[in-house]
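**Q** Just model18.pdb, nothing more (PDB, C-alpha atoms):
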ATOM      1  CA  MET A   4     106.550 117.911  71.040
ATOM      2  CA  ILE A   5     103.120 118.027  72.659
ATOM      3  CA  SER A   6     102.971 116.129  75.972
ATOM      4  CA  LYS A   7      99.767 115.161  77.776
ATOM      5  CA  THR A   8      99.907 113.926  81.333
ATOM      6  CA  GLU A   9      98.317 113.937  84.754
ATOM      7  CA  GLY A  10     100.271 115.440  87.607
ATOM      8  CA  LEU A  11     100.413 117.081  91.017
ATOM      9  CA  VAL A  12     101.276 120.770  91.293
ATOM     10  CA  LEU A  13     104.038 121.110  93.889
ATOM     11  CA  ARG A  14     104.584 124.852  93.797
ATOM     12  CA  GLY A  15     104.602 127.927  91.607
ATOM     13  CA  TYR A  16     106.435 131.210  91.505
ATOM     14  CA  ARG A  17     106.168 134.485  89.661
ATOM     15  CA  MET A  18     107.864 134.855  86.304
ATOM     16  CA  SER A  19     106.404 138.168  85.149
ATOM     17  CA  GLU A  20     103.432 140.446  85.815
ATOM     18  CA  SER A  21     101.099 138.004  84.101
ATOM     19  CA  SER A  22     102.892 134.644  84.011
ATOM     20  CA  LYS A  23     104.193 132.116  86.510
ATOM     21  CA  VAL A  24     106.409 129.047  86.576
ATOM     22  CA  VAL A  25     104.659 125.927  87.839
ATOM     23  CA  VAL A  26     106.446 122.812  89.129
ATOM     24  CA  ILE A  27     104.404 119.674  88.435
ATOM     25  CA  TYR A  28     105.217 116.106  89.402
ATOM     26  CA  THR A  29     103.752 114.185  86.474
ATOM     27  CA  ARG A  30     102.892 110.538  86.233
ATOM     28  CA  ASN A  31     104.614 110.122  82.844
ATOM     29  CA  ALA A  32     107.634 112.415  82.899
ATOM     30  CA  GLY A  33     108.487 112.962  86.561
ATOM     31  CA  LYS A  34     109.049 116.530  87.730
ATOM     32  CA  VAL A  35     108.693 119.213  85.074
ATOM     33  CA  ARG A  36     108.752 123.006  85.159
ATOM     34  CA  VAL A  37     106.346 124.792  82.877
ATOM     35  CA  VAL A  38     105.582 128.408  82.099
ATOM     36  CA  ALA A  39     101.887 129.204  82.458
ATOM     37  CA  ARG A  40     101.521 132.397  80.453
ATOM     38  CA  GLY A  41      98.757 134.639  81.724
ATOM     39  CA  ALA A  42      98.212 132.483  84.821
ATOM     40  CA  ARG A  43      98.438 135.508  87.143
ATOM     41  CA  ARG A  44      95.635 137.339  85.380
ATOM     42  CA  PRO A  45      92.215 137.323  87.113
ATOM     43  CA  ARG A  46      90.505 135.461  84.272
ATOM     44  CA  SER A  47      93.308 133.138  83.292
ATOM     45  CA  LYS A  48      92.307 130.067  81.289
ATOM     46  CA  PHE A  49      94.285 127.947  83.747
ATOM     47  CA  GLY A  50      92.261 129.009  86.765
ATOM     48  CA  ALA A  51      93.071 127.032  89.908
ATOM     49  CA  SER A  52      94.599 124.129  87.969
ATOM     50  CA  VAL A  53      98.070 125.605  88.552
ATOM     51  CA  GLU A  54      97.661 126.073  92.313
ATOM     52  CA  PRO A  55      99.780 123.902  94.683
ATOM     53  CA  ILE A  56      98.340 120.605  95.952
ATOM     54  CA  THR A  57      96.148 120.175  92.875
ATOM     55  CA  TRP A  58      95.932 116.987  90.834
ATOM     56  CA  GLY A  59      95.160 117.783  87.218
ATOM     57  CA  ALA A  60      95.437 116.922  83.537
ATOM     58  CA  TYR A  61      97.978 119.031  81.679
ATOM     59  CA  VAL A  62      99.106 119.626  78.126
ATOM     60  CA  TYR A  63     102.452 121.287  77.507
ATOM     61  CA  TYR A  64     104.918 121.842  74.680
ATOM     62  CA  SER A  65     108.266 120.272  75.478
ATOM     63  CA  ARG A  66     111.611 120.845  73.815
ATOM     64  CA  GLU A  67     114.847 119.016  74.491
ATOM     65  CA  ASN A  68     117.610 120.815  76.375
ATOM     66  CA  ARG A  69     115.205 123.361  77.869
ATOM     67  CA  ASP A  70     114.628 123.768  81.599
ATOM     68  CA  LEU A  71     111.219 125.372  81.112
ATOM     69  CA  GLN A  72     108.428 123.999  78.977
ATOM     70  CA  THR A  73     105.263 125.846  77.940
ATOM     71  CA  LEU A  74     101.920 124.917  79.450
ATOM     72  CA  SER A  75      98.968 125.148  77.081
ATOM     73  CA  GLU A  76      96.114 123.498  79.016
ATOM     74  CA  GLY A  77      95.285 122.634  82.585
ATOM     75  CA  GLU A  78      92.219 120.915  84.037
ATOM     76  CA  ILE A  79      91.532 120.105  87.686
ATOM     77  CA  LEU A  80      90.910 116.413  88.329
ATOM     78  CA  TYR A  81      91.042 116.559  92.115
ATOM     79  CA  ALA A  82      91.548 119.726  94.155
ATOM     80  CA  PHE A  83      92.161 118.273  97.642
ATOM     81  CA  GLU A  84      89.699 120.735  99.128
ATOM     82  CA  GLY A  85      89.661 118.775 102.382
ATOM     83  CA  LEU A  86      93.321 119.736 102.840
ATOM     84  CA  LYS A  87      93.051 123.325 101.723
ATOM     85  CA  ARG A  88      90.110 124.134 104.013
ATOM     86  CA  VAL A  89      91.937 123.147 107.211
ATOM     87  CA  TYR A  90      95.082 125.110 108.027
ATOM     88  CA  ARG A  91      96.849 122.313 109.911
ATOM     89  CA  ARG A  92      96.176 119.735 107.206
ATOM     90  CA  LEU A  93      97.357 122.223 104.591
ATOM     91  CA  ALA A  94     100.654 122.649 106.466
ATOM     92  CA  TYR A  95     101.364 118.908 106.389
ATOM     93  CA  ALA A  96     100.265 118.564 102.764
ATOM     94  CA  SER A  97     102.628 121.399 101.837
ATOM     95  CA  ALA A  98     105.438 119.489 103.527
ATOM     96  CA  VAL A  99     104.736 116.443 101.338
ATOM     97  CA  CYS A 100     104.880 118.561  98.173
ATOM     98  CA  ASP A 101     107.972 120.436  99.328
ATOM     99  CA  LEU A 102     109.815 117.208 100.133
ATOM    100  CA  LEU A 103     108.842 115.620  96.812
ATOM    101  CA  ASP A 104     110.250 118.678  95.050
ATOM    102  CA  ARG A 105     113.525 118.562  97.007
ATOM    103  CA  LEU A 106     113.985 114.795  96.779
ATOM    104  CA  THR A 107     113.513 114.335  93.047
ATOM    105  CA  PRO A 108     115.555 115.419  90.008
ATOM    106  CA  GLU A 109     114.010 116.912  86.886
ATOM    107  CA  GLU A 110     112.289 114.640  84.362
ATOM    108  CA  ASP A 111     112.974 111.350  86.151
ATOM    109  CA  PRO A 112     109.701 109.359  85.941
ATOM    110  CA  ASN A 113     108.615 107.317  88.953
ATOM    111  CA  SER A 114     104.948 106.378  88.689
ATOM    112  CA  LEU A 115     105.039 104.419  91.962
ATOM    113  CA  LEU A 116     106.358 107.438  93.854
ATOM    114  CA  CYS A 117     103.603 109.504  92.262
ATOM    115  CA  SER A 118     101.001 106.987  93.498
ATOM    116  CA  ILE A 119     102.482 106.936  97.024
ATOM    117  CA  THR A 120     102.294 110.737  97.119
ATOM    118  CA  LEU A 121      98.637 110.709  96.129
ATOM    119  CA  ASP A 122      97.874 107.968  98.677
ATOM    120  CA  SER A 123      99.553 110.058 101.389
ATOM    121  CA  LEU A 124      97.612 113.226 100.519
ATOM    122  CA  ARG A 125      94.262 111.437 100.278
ATOM    123  CA  TRP A 126      94.907 109.770 103.610
ATOM    124  CA  MET A 127      95.906 113.114 105.093
ATOM    125  CA  GLU A 128      92.596 114.543 103.906
ATOM    126  CA  THR A 129      90.495 111.993 105.836
ATOM    127  CA  VAL A 130      92.592 110.914 108.835
ATOM    128  CA  GLU A 131      91.583 112.134 112.291
ATOM    129  CA  GLU A 132      92.959 115.569 113.074
ATOM    130  CA  ALA A 133      95.095 114.201 115.916
ATOM    131  CA  SER A 134      96.859 111.822 113.493
ATOM    132  CA  VAL A 135      97.367 114.151 110.523
ATOM    133  CA  GLU A 136     101.148 113.875 110.910
ATOM    134  CA  LEU A 137     101.044 110.113 110.284
ATOM    135  CA  PRO A 138     100.660 110.270 106.465
ATOM    136  CA  LEU A 139     103.706 112.573 106.329
ATOM    137  CA  TRP A 140     105.789 109.946 108.121
ATOM    138  CA  TYR A 141     104.449 107.305 105.747
ATOM    139  CA  PHE A 142     105.406 109.427 102.747
ATOM    140  CA  GLN A 143     108.910 110.111 104.084
ATOM    141  CA  LEU A 144     109.676 106.433 104.631
ATOM    142  CA  LYS A 145     108.159 105.209 101.364
ATOM    143  CA  ALA A 146     109.814 107.951  99.312
ATOM    144  CA  ALA A 147     113.214 107.213 100.869
ATOM    145  CA  ALA A 148     112.870 103.552  99.899
ATOM    146  CA  MET A 149     111.845 104.340  96.317
ATOM    147  CA  LEU A 150     114.714 106.775  95.861
ATOM    148  CA  GLY A 151     117.336 104.299  97.019
ATOM    149  CA  TYR A 152     118.123 105.175 100.628
ATOM    150  CA  ARG A 153     115.651 103.218 102.721
ATOM    151  CA  PRO A 154     116.611 103.364 106.430
ATOM    152  CA  HIS A 155     117.464  99.999 107.989
ATOM    153  CA  LEU A 156     115.078  99.450 110.898
ATOM    154  CA  SER A 157     114.834  95.661 111.278
ATOM    155  CA  GLY A 158     118.063  95.157 113.238
ATOM    156  CA  CYS A 159     121.608  96.449 113.613
ATOM    157  CA  VAL A 160     122.850  97.944 110.358
ATOM    158  CA  ALA A 161     126.448  97.232 111.399
ATOM    159  CA  CYS A 162     126.437  93.616 112.621
ATOM    160  CA  GLY A 163     123.034  92.377 111.489
ATOM    161  CA  THR A 164     121.798  91.181 114.875
ATOM    162  CA  ARG A 165     118.224  91.780 115.969
ATOM    163  CA  ILE A 166     117.991  94.501 118.585
ATOM    164  CA  THR A 167     116.451  93.479 121.895
ATOM    165  CA  GLY A 168     115.493  95.322 125.045
ATOM    166  CA  ASP A 169     113.633  98.614 125.275
ATOM    167  CA  VAL A 170     116.083 101.002 123.590
ATOM    168  CA  ALA A 171     117.870 101.140 120.224
ATOM    169  CA  CYS A 172     120.248 103.675 118.732
ATOM    170  CA  PHE A 173     119.671 105.366 115.379
ATOM    171  CA  ASP A 174     122.658 106.528 113.336
ATOM    172  CA  ALA A 175     121.645 108.551 110.257
ATOM    173  CA  GLY A 176     125.178 108.458 108.877
ATOM    174  CA  ARG A 177     125.270 104.661 108.918
ATOM    175  CA  GLY A 178     121.772 104.344 107.511
ATOM    176  CA  GLY A 179     119.658 102.980 110.352
ATOM    177  CA  THR A 180     119.481 101.392 113.783
ATOM    178  CA  VAL A 181     122.520  99.996 115.557
ATOM    179  CA  CYS A 182     122.853  97.827 118.636
ATOM    180  CA  ARG A 183     124.532  99.073 121.828
ATOM    181  CA  ARG A 184     127.752  97.244 120.994
ATOM    182  CA  CYS A 185     128.044  98.887 117.549
ATOM    183  CA  ASP A 186     126.850 102.353 118.523
ATOM    184  CA  ARG A 187     129.276 105.178 117.678
ATOM    185  CA  GLY A 188     127.241 108.211 118.703
ATOM    186  CA  GLY A 189     123.724 107.565 117.401
ATOM    187  CA  ILE A 190     120.646 108.941 119.129
ATOM    188  CA  GLU A 191     118.814 106.769 121.647
ATOM    189  CA  VAL A 192     115.306 105.776 120.555
ATOM    190  CA  LYS A 193     112.724 103.595 122.229
ATOM    191  CA  LEU A 194     112.485 100.250 120.443
ATOM    192  CA  ALA A 195     108.692 100.717 120.236
ATOM    193  CA  THR A 196     109.277 103.845 118.111
ATOM    194  CA  VAL A 197     111.588 101.930 115.763
ATOM    195  CA  ARG A 198     109.109  99.072 115.434
ATOM    196  CA  TYR A 199     106.301 101.459 114.534
ATOM    197  CA  LEU A 200     108.412 103.239 111.906
ATOM    198  CA  GLU A 201     109.266  99.825 110.468
ATOM    199  CA  HIS A 202     105.528  99.093 110.303
ATOM    200  CA  LEU A 203     104.995 102.314 108.328
ATOM    201  CA  GLN A 204     107.883 101.417 106.044
ATOM    202  CA  THR A 205     106.484  98.020 105.076
ATOM    203  CA  ALA A 206     102.676  98.311 105.220
ATOM    204  CA  ARG A 207     100.210  99.778 102.741
ATOM    205  CA  ALA A 208      98.431 102.994 103.691
ATOM    206  CA  ASP A 209      95.132 101.175 104.289
ATOM    207  CA  ARG A 210      96.841  98.694 106.647
ATOM    208  CA  ILE A 211      98.506 101.185 108.984
ATOM    209  CA  ASP A 212      97.751 100.871 112.700
ATOM    210  CA  ASP A 213      96.478 104.336 113.661
ATOM    211  CA  GLU A 214      96.201 103.380 117.323
ATOM    212  CA  GLY A 215      99.906 102.587 117.436
ATOM    213  CA  PHE A 216     100.681 106.155 116.365
ATOM    214  CA  ARG A 217      99.048 107.543 119.487
ATOM    215  CA  GLY A 218     101.084 105.231 121.696
ATOM    216  CA  ILE A 219     104.621 106.142 120.608
ATOM    217  CA  ASP A 220     106.962 109.013 121.345
ATOM    218  CA  THR A 221     106.259 111.351 118.411
ATOM    219  CA  GLY A 222     109.175 113.624 119.256
ATOM    220  CA  GLU A 223     111.578 110.705 118.907
ATOM    221  CA  ALA A 224     110.082 109.657 115.575
ATOM    222  CA  ARG A 225     110.392 113.191 114.225
ATOM    223  CA  ARG A 226     114.055 113.372 115.179
ATOM    224  CA  VAL A 227     114.775 110.054 113.471
ATOM    225  CA  LEU A 228     112.964 110.972 110.252
ATOM    226  CA  ARG A 229     114.236 114.532 110.065
ATOM    227  CA  GLY A 230     117.817 113.521 110.789
ATOM    228  CA  PHE A 231     117.803 110.739 108.232
ATOM    229  CA  LEU A 232     116.172 112.749 105.460
ATOM    230  CA  TRP A 233     118.339 115.783 106.088
ATOM    231  CA  ARG A 234     121.374 113.591 105.577
ATOM    232  CA  HIS A 235     120.217 113.066 101.983
ATOM    233  CA  ILE A 236     118.776 116.466 101.065
ATOM    234  CA  GLU A 237     121.003 118.944 102.917
ATOM    235  CA  ASN A 238     122.664 119.975  99.630
ATOM    236  CA  ARG A 239     119.330 120.475  97.837
ATOM    237  CA  GLY A 240     118.119 123.548  99.613
ATOM    238  CA  GLN A 241     116.055 124.344 102.664
ATOM    239  CA  VAL A 242     112.734 122.554 103.179
ATOM    240  CA  LYS A 243     110.818 125.581 104.399
ATOM    241  CA  SER A 244     107.608 123.673 105.077
ATOM    242  CA  LEU A 245     109.374 121.469 107.648
ATOM    243  CA  ASP A 246     110.768 124.539 109.361
ATOM    244  CA  PHE A 247     107.220 125.899 109.465
ATOM    245  CA  LEU A 248     106.017 122.623 111.014
ATOM    246  CA  ASN A 249     108.751 123.063 113.639
ATOM    247  CA  ARG A 250     107.207 126.362 114.667
ATOM    248  CA  LEU A 251     103.643 125.069 114.461
ATOM    249  CA  LEU A 252     104.362 122.028 116.617
ATOM    250  CA  ALA A 253     106.459 124.017 119.066
ATOM    251  CA  ALA A 254     103.504 126.350 119.578
ATOM    252  CA  GLU A 255     101.144 123.418 120.095
ATOM    253  CA  SER A 256     103.442 121.259 122.203
ATOM    254  CA  PRO A 257     106.786 122.830 123.191
ATOM    255  CA  PRO A 258     108.550 119.575 124.202
ATOM    256  CA  ALA A 259     108.269 117.925 120.752
ATOM    257  CA  PRO A 260     109.279 120.054 117.741
ATOM    258  CA  TYR A 261     109.620 118.406 114.351
ATOM    259  CA  GLY A 262     113.242 117.298 114.415
ATOM    260  CA  SER A 263     116.281 118.629 116.173
TER     261      SER A 263
END
Spit out the file's structure as structure tokens when you get a sec.
**A**
Amino acid sequence: MISKTEGLVLRGYRMSESSKVVVIYTRNAGKVRVVARGARRPRSKFGASVEPITWGAYVYYSRENRDLQTLSEGEILYAFEGLKRVYRRLAYASAVCDLLDRLTPEEDPNSLLCSITLDSLRWMETVEEASVELPLWYFQLKAAAMLGYRPHLSGCVACGTRITGDVACFDAGRGGTVCRRCDRGGIEVKLATVRYLEHLQTARADRIDDEGFRGIDTGEARRVLRGFLWRHIENRGQVKSLDFLNRLLAAESPPAPYGS
């Protein structure tokens, strides 16, 4: 069957001297793996349409009960050049693509998740350099909600009471924040950090308070997000791009690596 779709290239890897396997998150079919024959040749007909962080239109031949389909056409619709020209932005964009790959099963369509991913990358392309991490947080929280494991941030996940004071506890195993009385070993987090993450979880990308990002403890927020996501993807392989962000952030600001 011939399938036509738009999609985002998440990654690619070598298959042979001339061909490569490309992982594309498509709007119509979810994540698919296709063989792009001849894509590694200098004058390949696919050109840059099969490069990571590229939004394109693709035509491929699909067969049931096959893990790999065959790509026949690829056309760039949007190349995200603003991300690829700036090393730091590229690192965060790669993390979005890597997480989307790890979080989603094969051929499980989710057009809303696809749209959230594109919103996050476009925002990442234009946001101030100092806030380039913010769209990654937005993506992590929105993706978790769409995939069925949204963290509870509006009160105590155990007893339901609203958390007051200056400090909350976050327990990844129990799925969110807990009050002092219900805490069984969660990590302490400033309540302002929790409130800002809740804002990211519920607001649209164009309604996010950028100023609030600069006023919270970013190290705390990273630990919360990394710990929660890792709870759900630890059996799906290493997210190398997040490990790279660890090293990048540690070099820039030793006290606040991305996660613990």
**Q** Between A:Leu156, A:Leu252, A:Met127, A:Cys172, which residue has the minimum interatomic distance to His202 in chain A, considering only C-alpha atoms?
**A**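 Closest candidate: A:Leu156.
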**Q** With the PyMOL selection byres ((chain A and resi 84-93) around 8) as the selection, what would be picked from this file? Answer as a PyMOL selection string, please.
**A** chain A and resi 82-83+94-97+127-129+132+135
**Q** Mind pulling up the distance from CA of Phe231 in chain A to CA of Asp212 in chain A?
**A**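 About the pair CA of Asp212 in chain A and CA of Phe231 in chain A: they are 22.8 Å apart.
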**Q** List as an mmCIF file with C-alpha atoms, in the frame of the given file the protein and nucleic acid residues near Met149 in chain A, meaning an atom at most 12 Å away when all atoms listed in the file are counted, but skip any in the same chain fewer than 2 places from it.
**A**
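And here's part38.cif as it stands now:
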data_model
loop_
_atom_site.group_PDB
_atom_site.id
_atom_site.type_symbol
_atom_site.label_atom_id
_atom_site.label_comp_id
_atom_site.auth_asym_id
_atom_site.auth_seq_id
_atom_site.Cartn_x
_atom_site.Cartn_y
_atom_site.Cartn_z
ATOM 1 C CA LEU A 103 108.842 115.620 96.812
ATOM 2 C CA LEU A 106 113.985 114.795 96.779
ATOM 3 C CA THR A 107 113.513 114.335 93.047
ATOM 4 C CA PRO A 112 109.701 109.359 85.941
ATOM 5 C CA ASN A 113 108.615 107.317 88.953
ATOM 6 C CA SER A 114 104.948 106.378 88.689
ATOM 7 C CA LEU A 115 105.039 104.419 91.962
ATOM 8 C CA LEU A 116 106.358 107.438 93.854
ATOM 9 C CA CYS A 117 103.603 109.504 92.262
ATOM 10 C CA SER A 118 101.001 106.987 93.498
ATOM 11 C CA ILE A 119 102.482 106.936 97.024
ATOM 12 C CA THR A 120 102.294 110.737 97.119
ATOM 13 C CA PHE A 142 105.406 109.427 102.747
ATOM 14 C CA GLN A 143 108.910 110.111 104.084
ATOM 15 C CA LEU A 144 109.676 106.433 104.631
ATOM 16 C CA LYS A 145 108.159 105.209 101.364
ATOM 17 C CA ALA A 146 109.814 107.951 99.312
ATOM 18 C CA ALA A 147 113.214 107.213 100.869
ATOM 19 C CA GLY A 151 117.336 104.299 97.019
ATOM 20 C CA TYR A 152 118.123 105.175 100.628
ATOM 21 C CA ARG A 153 115.651 103.218 102.721
ATOM 22 C CA PRO A 154 116.611 103.364 106.430
ATOM 23 C CA GLN A 204 107.883 101.417 106.044
#
**Q** On this structure, which residues satisfy the PyMOL selection byres ((chain A and resi 180) around 10), written as an MDAnalysis selection string?
**A** chainID A and resid 154:161 163 165:166 171:175 177:179 181:183 185:186 189:192 194 197 227
**Q** Could you write out the selected residues, including C-alpha atoms, as an mmCIF file, keeping the file's coordinate frame?
**A**
data_model
loop_
_atom_site.group_PDB
_atom_site.id
_atom_site.type_symbol
_atom_site.label_atom_id
_atom_site.label_comp_id
_atom_site.auth_asym_id
_atom_site.auth_seq_id
_atom_site.Cartn_x
_atom_site.Cartn_y
_atom_site.Cartn_z
ATOM 1 C CA PRO A 154 116.611 103.364 106.430
ATOM 2 C CA HIS A 155 117.464 99.999 107.989
ATOM 3 C CA LEU A 156 115.078 99.450 110.898
ATOM 4 C CA SER A 157 114.834 95.661 111.278
ATOM 5 C CA GLY A 158 118.063 95.157 113.238
ATOM 6 C CA CYS A 159 121.608 96.449 113.613
ATOM 7 C CA VAL A 160 122.850 97.944 110.358
ATOM 8 C CA ALA A 161 126.448 97.232 111.399
ATOM 9 C CA GLY A 163 123.034 92.377 111.489
ATOM 10 C CA ARG A 165 118.224 91.780 115.969
ATOM 11 C CA ILE A 166 117.991 94.501 118.585
ATOM 12 C CA ALA A 171 117.870 101.140 120.224
ATOM 13 C CA CYS A 172 120.248 103.675 118.732
ATOM 14 C CA PHE A 173 119.671 105.366 115.379
ATOM 15 C CA ASP A 174 122.658 106.528 113.336
ATOM 16 C CA ALA A 175 121.645 108.551 110.257
ATOM 17 C CA ARG A 177 125.270 104.661 108.918
ATOM 18 C CA GLY A 178 121.772 104.344 107.511
ATOM 19 C CA GLY A 179 119.658 102.980 110.352
ATOM 20 C CA VAL A 181 122.520 99.996 115.557
ATOM 21 C CA CYS A 182 122.853 97.827 118.636
ATOM 22 C CA ARG A 183 124.532 99.073 121.828
ATOM 23 C CA CYS A 185 128.044 98.887 117.549
ATOM 24 C CA ASP A 186 126.850 102.353 118.523
ATOM 25 C CA GLY A 189 123.724 107.565 117.401
ATOM 26 C CA ILE A 190 120.646 108.941 119.129
ATOM 27 C CA GLU A 191 118.814 106.769 121.647
ATOM 28 C CA VAL A 192 115.306 105.776 120.555
ATOM 29 C CA LEU A 194 112.485 100.250 120.443
ATOM 30 C CA VAL A 197 111.588 101.930 115.763
ATOM 31 C CA VAL A 227 114.775 110.054 113.471
#
**Q** Could you please determine the separation between CA of Arg198 in chain A and CA of Phe247 in chain A in Å, to one decimal place?
**A** 27.5 Å
**Q** Enumerate, as a list in words, the residues matched when the PyMOL selection byres ((chain A and resi 43-49) around 6) is run on the file above.
**A**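 Evaluating the PyMOL selection byres ((chain A and resi 43-49) around 6) on this file yields Ser21, Ser22, Gly41, Ala42, Gly50, Ser52 and Gly77 of chain A.
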**Q** Could you tell me how far CA of Gly230 in chain A sits from CA of Pro55 in chain A, in Å to one decimal place?
**A**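 Computing it gives 26.3 Å between the two atoms.
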**Q** Identify which of the residues A:Gly15, A:Gly168, A:Gly59, A:Pro138 lies closest to Asp104 in chain A, counting only C-alpha atoms when measuring atom-to-atom distances.
**A** A:Gly15
**Q** Pick from A:Thr8, A:Ser19, A:Thr73, A:Thr167: nearest to Ala60 in chain A, with only C-alpha atoms counted?
**A**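 Comparing A:Thr8, A:Ser19, A:Thr73, A:Thr167 against Ala60 in chain A, the winner is A:Thr8.
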**Q** Using all atoms listed in the file, can you tell me which of A:Ala98, A:Val62, A:Leu71, A:Val37 comes closest to Ser244 in chain A?
**A** A:Ala98
**Q** What lies within 6 Å of Val38 in chain A using only C-alpha atoms, ignoring chain neighbours under 3 positions off, as a PyMOL selection string?
**A** chain A and resi 23-24+73-74
